[in-house]
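Written below as structure tokens is the structure these notes are about.
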Amino acid sequence: MNGLLKQHRLLKNLRRNHLQKKGGQRACYNLLSQRYLTNTTVKTRLEKPNILTTSKVYDPLLVEKDWYQYWEANGLFKPEYDEKGDIKKNGLFCIPAPPPNVTGALHIGHALTVALEDSLARFYRMKGKTVLFIPGFDHAGIATQSVVEKALWKQENKTRLDYTRDDFVEKLWEWKGQYHSKIKSQFKKLGGSYDWSKEAFTLDETRSKAVTEAFIRLFDEGIIYRDMKLVNWSTKLKTSISNLEVDTIDINGATAITVPEYDKLVKFGLLYYIEYAVEDSPNNEKIVVATSRPETIFGDVAIAVHPQDERYKHLHGLYVKHPFLDKHLPIILDSSCVTMEFGTGAVKITPAHDENDYKVGKKNKLPFINIFTEDGCLNENAGDQWRGMKRFDARSLVIEKLKEKNLFVKEEEYSTSIPLCSRSGDVIEPLLKSQWWVAQDEMAKDAIARVKNKEIEIQPTTAEADYFRWLENIKDWCISRQLSWGHRCPAYFVDIEGEECDMNQSSYWVAAFSIEEATVKATTKFPAKKFTLQQDEDVLDTWFSSGLWPLSTLGWPSNTKDLNQFYPFSLLESGWDILFFWITRMIFLNSKLTDIVPFKEVFCHPLVRDSEGRKMSKSLGNVIDPIDVIDGTSLESLQKKLQNGNFSKKEIDLMTKLQKKTYPKGIPRLGTDALRFTLCSYTSNNTSSDINLDIKKIQENKRFINKIYQATRFLLIHANNLSQNKNNTELSIMDKWIRSQLETTTCNINNYFEQRNFMAVTNELYQFWYLLCDNYIEYVKYILTQRRVEDKVGVITNLQYVVDNALRLLHPIMPFVSEELWQSLPNRTENDISISISSYPEFESLISFSNEKQIGNNFWSIVQNIRSVCEQYNIKEDGVVKINAKNLDLNQYLKSNENLVKHLLLQKIDNLEVVNEELNAKDNEWVNKYINPDVSISIYLKNQIGDAQTTITGYSKKIDKLSKKLNILKKTINSPSYQLNVSEKVKKSNEAKINDIKSEIGTYQETIETLQKIM
């Protein structure tokens, strides 16, 4: 009965909320059906051919084909609760995915995000926790509008001004639908185990309600306010932009760059020296200022000098004449904006067009004169002669006119930085605009305290240090954007009849959900007044809506069950580059609105660069589509994408050239698992160093997966052959050794996952699987050549146990191949639905098989060192070896398993002697190898090698080749510019290369010396 009542109430609520809206009946039906299906999902095993029996080599296309749909169909990504519907006793792990922009396809940086976050979600799901992994998408106001405008111009030769606002917004929604679907398919291809029933979009109804609620609350509290201040203005896009959309380029001296809307290159990196005539000067004195922006001369309101500068003390309190306009500029004293040693020690002050001048203007109560239109042309304040002229055209003409007036002194080169709009390439113009601002001082203090009080932990420590440094120097946040795409500001200007109402003052505004609510608020605020209301046309900065992501994805401001169960989130994982723009703002807004931190932990991952360390950039053509890595692609396909993309001809030409160099044969099919494993292998919890991604590393890891595939295939073949003879058997020393290695690996991986040290996790997995494949399976092969069936059964049974656990250890990072291989293991039952909901291996203590572990480690060290010496000295057969094993158990094991040793050494050793005595280190006919205090080996060389002189000659040539390589590296690092221009990462890489070469040369020299002694 309770269930029926709940369903009735759900239906009633759905009807009430949705029937009045467009498509309400369908929405009601879909939501109810989704809820019903979620509760009645039947978990069934996937019926598919066993790939291990049909394919002899690992093929990611075959392995990864059906598993995601299977996981989804069985509802394996939804949170699991206990019998009462509460969080499971093992605890909770919940994480919101950073919502990617719906501007295009995902790039390799997004793949890193998915790999890290999904690995943790799968890890904790297998640990028996209730896991919620929420997916979502960001409407990305300026980014999306920019790419859609670019596409419209390329496809239809139209701008947004050729459409009504509603029609243009419809175009944006069409774009969103196309790329939303594409990105979602990419997420699934990458294996992200999201609960898609909770998918969110920053511009959907629930998120829009949260944005409006937050704006109203913060406005009513005075945290959001209206003011006229400088903003980053893009004249090309005609909107203010955030600091994140500003790319800064450094230039050394005069540099010409391309600026949109200009036919010719525009020159930067020059200081222009200009004279201003001092009024009432008996000697017709002039004061010289240096400026990089002569076109802003029309906005000058003062000349500033340092109060202690002796050169100008006689000018204190005087005025100068403006070169072009009929106005007089005071000479003011200000030590904050003038450096006596730079330029002439005098600067012109243009408060409406320079951040530093803005502060000076406020401090000295100077007028603020805006001289530019929103499209970057001079306005009426520049005078009729200049009105309508583009800003950089005006620059050259101002200089020309100053020369005519004999007011131009000189120009000189200097180093500077140019701010560019990342969306359009336009040079940013500081512009005075009446905008909405968020006061951040108090929220910043609270955010600092919460991290210091350990309410939130930030990793790595470098990110935490950056967090504090930024918050301690924070400025107020402009949240207005002059766009069509986004949340329209829920603010209404109250224009009172008969009064002059200043739109720049918050006091003449109200914030509300609707015009009706705004009318009520305005009436309360201005009783007995007649007024009209006008909603602000601007939309809100995307970071404002995404800043509410932890709350809005859980249904806030409604008091939902999800909000009560999952807030605050366990973890927020993202790139360090948006620590300030997104992560801190989530901490600000969510903590302010609820007094509870939005998440308990922040993990900042590095940025992904190309193999040469360059930032991934469309303009460079080095952006990697993860699907191209997963499925593989030809060079022709890569270049066809460029032609069909949203790029200019210049960009296409540059990218085509780079692609030919980087991918001459295209990109081979490498699969999701190899990509995920590689990305995780670069990521540690103690460094924020960026990732130089090399496709070759992914190829290496694909070969590593093939090794795992072959090991499992080997097990399957022999397990099937021995299935009818299985019985209880005892574990051998080598069986116990591999189990002890498994135990240690398991403990380490559990700890490393908890520490977010993904690099260490992948290293542990890599090392263990190589021990399993190269050592233990070689031992298994030897046992299978023996006659005792019980030994064969025992070793295969143990191998199955180890492989089962090792695949479960592997699953969080390599979900597809681990599922495929685990499902293929013998004795799978109908209850073995998926490896993703099996238990993650755990060991509470490391006490098992410690003696066998020591014996095994020494045994394999002996084998590997003998192999190494045989290869070094070219011993092919009939070798003679003495092994000094002081440990009695090891000594006895070696004596009892002499045939095993010879088998592992491929019969290169004919005579093997195990002793417990010091070996003769002075005999030139033997080469001695010290392994550890308990173990050493000695291999007889006399008459065991072929032509010693030929070997010496070959090694000498290798030494010469390596020496030349070493000299080139030394010459590079000793060059005068090396220390200044080369990054620390490259320096460390070169140091490592030098050490490796020296070590290799040393080995060859040692070998030559030994051979010469026995000749």
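Chain labels run A, B, ... following the order of the structure tokens; each chain numbers its residues from 1, and ligands are numbered from 1 in the order shown.
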Which residues, written as a ChimeraX atom specification, have at least one atom at most 12 Å from Leu161 (chain A), with only C-alpha atoms counted and residues fewer than 3 positions away on the same chain left out?
/A:149,152-153,157-158,164-169,237-238,483-484
Give me, as a PyMOL selection string, the residues of region 452-503 of chain A that a backbone DSSP run labels helix (DSSP H, G or I).
chain A and resi 452+461-471
Can you pull out the residues contacting region 810-816 of chain A? Cut-off 7 Å, using only C-alpha atoms, and skip same-chain residues under 2 positions away; I want them as a PDB file with C-alpha atoms, in the first residue's frame.
ATOM      1  CA  VAL A  63      36.669  -6.370 -26.408  1.00  0.00           C
ATOM      2  CA  GLU A  64      35.027  -2.964 -25.894  1.00  0.00           C
ATOM      3  CA  TRP A  67      30.031  -3.806 -22.379  1.00  0.00           C
ATOM      4  CA  ALA A 115      39.844   8.269 -16.523  1.00  0.00           C
ATOM      5  CA  SER A 119      38.574   4.943 -11.755  1.00  0.00           C
ATOM      6  CA  LEU A 120      37.646   6.250  -8.309  1.00  0.00           C
ATOM      7  CA  ARG A 122      34.503   2.077  -9.925  1.00  0.00           C
ATOM      8  CA  PHE A 123      37.012   1.514  -7.107  1.00  0.00           C
ATOM      9  CA  ASP A 673      41.745   0.892 -21.720  1.00  0.00           C
ATOM     10  CA  ARG A 676      42.896   5.459 -19.681  1.00  0.00           C
ATOM     11  CA  PHE A 677      45.831   3.536 -18.225  1.00  0.00           C
ATOM     12  CA  LEU A 765      49.543  -3.010 -11.687  1.00  0.00           C
ATOM     13  CA  ALA A 806      44.501  -9.229 -10.557  1.00  0.00           C
ATOM     14  CA  LEU A 807      41.692  -8.478 -13.023  1.00  0.00           C
ATOM     15  CA  ARG A 808      39.583  -7.032 -10.226  1.00  0.00           C
ATOM     16  CA  SER A 818      39.010  -6.565 -17.238  1.00  0.00           C
ATOM     17  CA  GLU A 819      35.283  -7.251 -17.670  1.00  0.00           C
ATOM     18  CA  GLU A 820      35.827  -9.285 -20.838  1.00  0.00           C
TER      19      GLU A 820
END
For region 264-273 of chain A, work out the shell of residues within 8 Å, counting only C-alpha atoms and skipping chain neighbours fewer than 6 positions away, then give it as a PDB file with C-alpha atoms, in the first residue's frame.
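To be explicit, this is the file written out as around-v2.pdb:
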ATOM      1  CA  ILE A 251      56.408  39.928 -26.768  1.00  0.00           C
ATOM      2  CA  ASN A 252      59.971  41.197 -26.749  1.00  0.00           C
ATOM      3  CA  GLY A 253      60.097  44.427 -28.694  1.00  0.00           C
ATOM      4  CA  ALA A 254      58.173  45.571 -31.741  1.00  0.00           C
ATOM      5  CA  THR A 255      55.873  42.760 -32.911  1.00  0.00           C
ATOM      6  CA  ALA A 256      53.132  42.841 -35.538  1.00  0.00           C
ATOM      7  CA  ILE A 257      50.126  40.597 -34.899  1.00  0.00           C
ATOM      8  CA  THR A 258      46.832  39.866 -36.614  1.00  0.00           C
ATOM      9  CA  VAL A 288      57.133  64.158 -21.760  1.00  0.00           C
ATOM     10  CA  VAL A 289      55.202  60.941 -21.071  1.00  0.00           C
ATOM     11  CA  ALA A 290      55.748  57.444 -22.452  1.00  0.00           C
ATOM     12  CA  THR A 291      52.698  55.438 -23.515  1.00  0.00           C
ATOM     13  CA  SER A 292      52.098  52.192 -25.350  1.00  0.00           C
ATOM     14  CA  ARG A 293      48.548  53.249 -26.311  1.00  0.00           C
ATOM     15  CA  PRO A 294      48.573  56.700 -27.910  1.00  0.00           C
ATOM     16  CA  PHE A 392      44.285  50.862 -33.956  1.00  0.00           C
ATOM     17  CA  PHE A 408      56.145  63.577 -30.807  1.00  0.00           C
ATOM     18  CA  VAL A 409      59.573  62.820 -29.340  1.00  0.00           C
ATOM     19  CA  LYS A 410      60.477  59.240 -30.220  1.00  0.00           C
ATOM     20  CA  GLU A 411      59.489  55.606 -30.063  1.00  0.00           C
ATOM     21  CA  GLU A 412      61.399  52.695 -28.570  1.00  0.00           C
ATOM     22  CA  GLU A 413      60.905  48.975 -28.226  1.00  0.00           C
ATOM     23  CA  TYR A 414      60.073  47.308 -24.941  1.00  0.00           C
ATOM     24  CA  SER A 415      58.886  43.948 -23.620  1.00  0.00           C
ATOM     25  CA  THR A 416      55.236  43.684 -22.706  1.00  0.00           C
TER      26      THR A 416
END
Could you pull out the strand (DSSP E or B) residues of region 428-575 of chain A from DSSP and send them as a PyMOL selection string?
chain A and resi 429-438+457-459+477-478+480-481+488+491-496+509-511+531-535+539-540+569+572-575
If you measure from CA of Val880 (chain A) to CA of Ile937 (chain A), what distance in Å do you get, rounded to one decimal?
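Computing the Euclidean distance for CA of Val880 (chain A) and CA of Ile937 (chain A) yields 10.7 Å.
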Per-residue nearest contacts of region 118-164 of chain A to region 536-560 of chain A (10 Å; only C-alpha atoms) as a tab-separated table:
residue	atom	partner	partner_atom	distance
A:Ile134	CA	A:Thr553	CA	7.6
A:Pro135	CA	A:Thr553	CA	9.0
A:Gly136	CA	A:Thr553	CA	8.4
A:Phe137	CA	A:Ser546	CA	9.5
A:Asp138	CA	A:Ser546	CA	7.2
A:His139	CA	A:Thr542	CA	7.5
A:Ala140	CA	A:Thr542	CA	5.8
A:Gly141	CA	A:Thr542	CA	5.8
A:Ile142	CA	A:Thr542	CA	8.0
A:Ala143	CA	A:Thr542	CA	9.6
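In this structure, CA of Leu638 (chain A) sits 9.9 Å away from CA of Ile624 (chain A).
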Which residue of A:Lys876, A:His605, A:Arg423, A:Lys209 approaches Met759 (chain A) most closely, using only C-alpha atoms:
A:His605
Taking 5 positions as the minimum chain separation for residues in the same chain, which residues sit within 10 Å of Val982 (chain A) when counting only C-alpha atoms? Answer as a list in words.
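Selected residues are Ile973, Ser977 and Lys987 of chain A.
Distance annotation: of A:Pro100, A:Lys236, A:Tyr312, A:Glu80, the residue with the minimal separation from Val278 (chain A) is A:Tyr312; atom set is only C-alpha atoms.
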